[in-house]
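Below: coords-v6.txt (compact mmCIF, C-alpha atoms)
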# COMPACT_ATOMS: atom_id res chain seq x y z
CA MET A 1 90.43 98.11 29.71
CA LYS A 2 86.84 98.90 30.53
CA LEU A 3 86.09 102.16 32.31
CA PRO A 4 83.53 102.30 35.11
CA ARG A 5 80.16 103.55 33.88
CA ASP A 6 78.76 104.96 37.12
CA VAL A 7 81.38 107.56 38.08
CA SER A 8 80.00 110.90 39.21
CA GLY A 9 81.88 114.16 39.03
CA ASP A 10 82.12 114.23 42.82
CA ASP A 11 83.57 110.69 42.89
CA LEU A 12 86.21 111.63 40.33
CA ALA A 13 86.99 114.84 42.23
CA ARG A 14 87.68 112.84 45.43
CA CYS A 15 89.99 110.54 43.46
CA LEU A 16 91.92 113.45 41.94
CA ILE A 17 92.42 115.01 45.37
CA LYS A 18 94.20 111.78 46.42
CA LEU A 19 96.57 112.31 43.47
CA GLY A 20 97.54 115.80 44.65
CA TYR A 21 95.01 117.93 42.76
CA THR A 22 93.35 120.78 44.65
CA PRO A 23 90.18 122.65 43.71
CA THR A 24 91.08 126.15 42.56
CA ARG A 25 87.74 127.52 41.39
CA GLN A 26 84.17 126.61 40.54
CA THR A 27 81.86 128.04 37.90
CA GLY A 28 78.36 126.61 38.02
CA SER A 29 78.58 122.83 37.98
CA HIS A 30 82.22 122.69 36.83
CA ILE A 31 85.21 122.59 39.18
CA ARG A 32 88.77 123.41 38.12
CA PHE A 33 91.47 121.30 39.81
CA THR A 34 95.17 122.15 39.70
CA ARG A 35 98.23 120.07 40.55
CA THR A 36 101.55 121.85 40.98
CA ILE A 37 103.74 118.81 41.68
CA SER A 38 106.16 118.20 38.78
CA GLY A 39 104.80 121.12 36.76
CA GLU A 40 101.42 122.80 36.83
CA HIS A 41 98.46 120.93 35.41
CA SER A 42 94.79 121.97 35.46
CA ILE A 43 91.72 119.91 34.66
CA THR A 44 88.01 120.79 34.73
CA ILE A 45 85.55 118.26 36.16
CA PRO A 46 81.77 118.57 35.61
CA ARG A 47 79.81 117.79 38.80
CA HIS A 48 77.26 115.62 37.00
CA ALA A 49 75.55 112.57 38.54
CA ASN A 50 77.14 110.24 35.96
CA LEU A 51 79.93 111.40 33.69
CA LYS A 52 79.62 110.47 30.05
CA ILE A 53 82.13 107.80 29.11
CA GLY A 54 83.85 110.06 26.56
CA THR A 55 84.24 112.84 29.11
CA LEU A 56 85.69 110.44 31.68
CA ASN A 57 88.02 108.94 29.06
CA ASN A 58 89.35 112.37 28.04
CA ILE A 59 89.93 113.43 31.65
CA LEU A 60 91.77 110.19 32.46
CA ASN A 61 93.90 110.47 29.30
CA ASP A 62 94.90 114.02 30.25
CA VAL A 63 95.75 113.13 33.86
CA ALA A 64 97.66 109.97 32.86
CA GLU A 65 99.70 111.94 30.33
CA HIS A 66 100.62 114.54 32.96
CA LEU A 67 101.62 111.84 35.46
CA ASN A 68 103.59 109.92 32.78
CA ILE A 69 101.72 106.69 33.46
CA SER A 70 99.39 104.57 31.36
CA LYS A 71 95.65 105.06 31.56
CA GLN A 72 95.37 101.50 32.88
CA GLU A 73 97.78 102.26 35.74
CA LEU A 74 95.81 105.41 36.56
CA ARG A 75 92.57 103.40 36.60
CA HIS A 76 94.13 100.94 39.04
CA ARG A 77 95.32 103.77 41.31
CA LEU A 78 91.87 105.36 41.36
CA TRP A 79 89.44 102.44 41.60
CA ASP A 80 91.18 99.12 42.34
CA ARG A 81 91.80 99.54 46.05

Structure translated into structure tokens:
Amino acid sequence: MKLPRDVSGDDLARCLIKLGYTPTRQTGSHIRFTRTISGEHSITIPRHANLKIGTLNNILNDVAEHLNISKQELRHRLWDR
């Protein structure tokens, strides 16, 4: 599964909001999102123009693990619409 290479922090933030995450605080260029459905989960997203592929991969792994779905399923939910 190939991850998109041109995802900005703002794009990813909009996608996470659709999954039930809400912004809880911001420090500089980093935003903390929290989801309280089925247990509390927090993730920090850098608001960079293009996220590094390793950063995006780690964020998606963390979110997929919390949602109990595969990373591929999460990718489809976020970008294949």

Next item on the list: Name all residues at most 7 Å from A:Ile45 (count only C-alpha atoms; drop same-chain ones fewer than 5 positions away) and give them as a list in words.
Entry: Gly9, His30, Ile31 and Arg32 of chain A

Quick one: residues within 12 Å of stretch 18-27 of chain A, all atoms listed in the file, excluding same-chain residues fewer than 2 positions away - as an mmCIF file with C-alpha atoms, in the coordinates of the input?
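around.cif was written with the following content:
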data_model
loop_
_atom_site.group_PDB
_atom_site.id
_atom_site.type_symbol
_atom_site.label_atom_id
_atom_site.label_comp_id
_atom_site.auth_asym_id
_atom_site.auth_seq_id
_atom_site.Cartn_x
_atom_site.Cartn_y
_atom_site.Cartn_z
ATOM 1 C CA ASP A 10 82.120 114.230 42.820
ATOM 2 C CA ASP A 11 83.570 110.690 42.890
ATOM 3 C CA LEU A 12 86.210 111.630 40.330
ATOM 4 C CA ALA A 13 86.990 114.840 42.230
ATOM 5 C CA ARG A 14 87.680 112.840 45.430
ATOM 6 C CA CYS A 15 89.990 110.540 43.460
ATOM 7 C CA LEU A 16 91.920 113.450 41.940
ATOM 8 C CA SER A 29 78.580 122.830 37.980
ATOM 9 C CA HIS A 30 82.220 122.690 36.830
ATOM 10 C CA ILE A 31 85.210 122.590 39.180
ATOM 11 C CA ARG A 32 88.770 123.410 38.120
ATOM 12 C CA PHE A 33 91.470 121.300 39.810
ATOM 13 C CA THR A 34 95.170 122.150 39.700
ATOM 14 C CA ARG A 35 98.230 120.070 40.550
ATOM 15 C CA THR A 36 101.550 121.850 40.980
ATOM 16 C CA ILE A 37 103.740 118.810 41.680
ATOM 17 C CA SER A 38 106.160 118.200 38.780
ATOM 18 C CA GLY A 39 104.800 121.120 36.760
ATOM 19 C CA GLU A 40 101.420 122.800 36.830
ATOM 20 C CA HIS A 41 98.460 120.930 35.410
ATOM 21 C CA SER A 42 94.790 121.970 35.460
ATOM 22 C CA ILE A 43 91.720 119.910 34.660
ATOM 23 C CA THR A 44 88.010 120.790 34.730
ATOM 24 C CA ILE A 45 85.550 118.260 36.160
ATOM 25 C CA PRO A 46 81.770 118.570 35.610
ATOM 26 C CA ARG A 47 79.810 117.790 38.800
ATOM 27 C CA VAL A 63 95.750 113.130 33.860
ATOM 28 C CA ALA A 64 97.660 109.970 32.860
ATOM 29 C CA HIS A 66 100.620 114.540 32.960
ATOM 30 C CA LEU A 67 101.620 111.840 35.460
ATOM 31 C CA LEU A 74 95.810 105.410 36.560
ATOM 32 C CA ARG A 75 92.570 103.400 36.600
ATOM 33 C CA ARG A 77 95.320 103.770 41.310
ATOM 34 C CA LEU A 78 91.870 105.360 41.360
ATOM 35 C CA TRP A 79 89.440 102.440 41.600
#

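One finds atom CA of A:Asp6 at 5.6 Å from atom CA of A:Asn50.
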
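Counting only C-alpha atoms, the residue from A:Ser8, A:Leu3, A:His48, A:Asp80 that sits nearest to A:Leu60 is A:Leu3.
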
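Going from atom CA of A:Leu51 over to atom CA of A:Arg5, you cover 7.9 Å.
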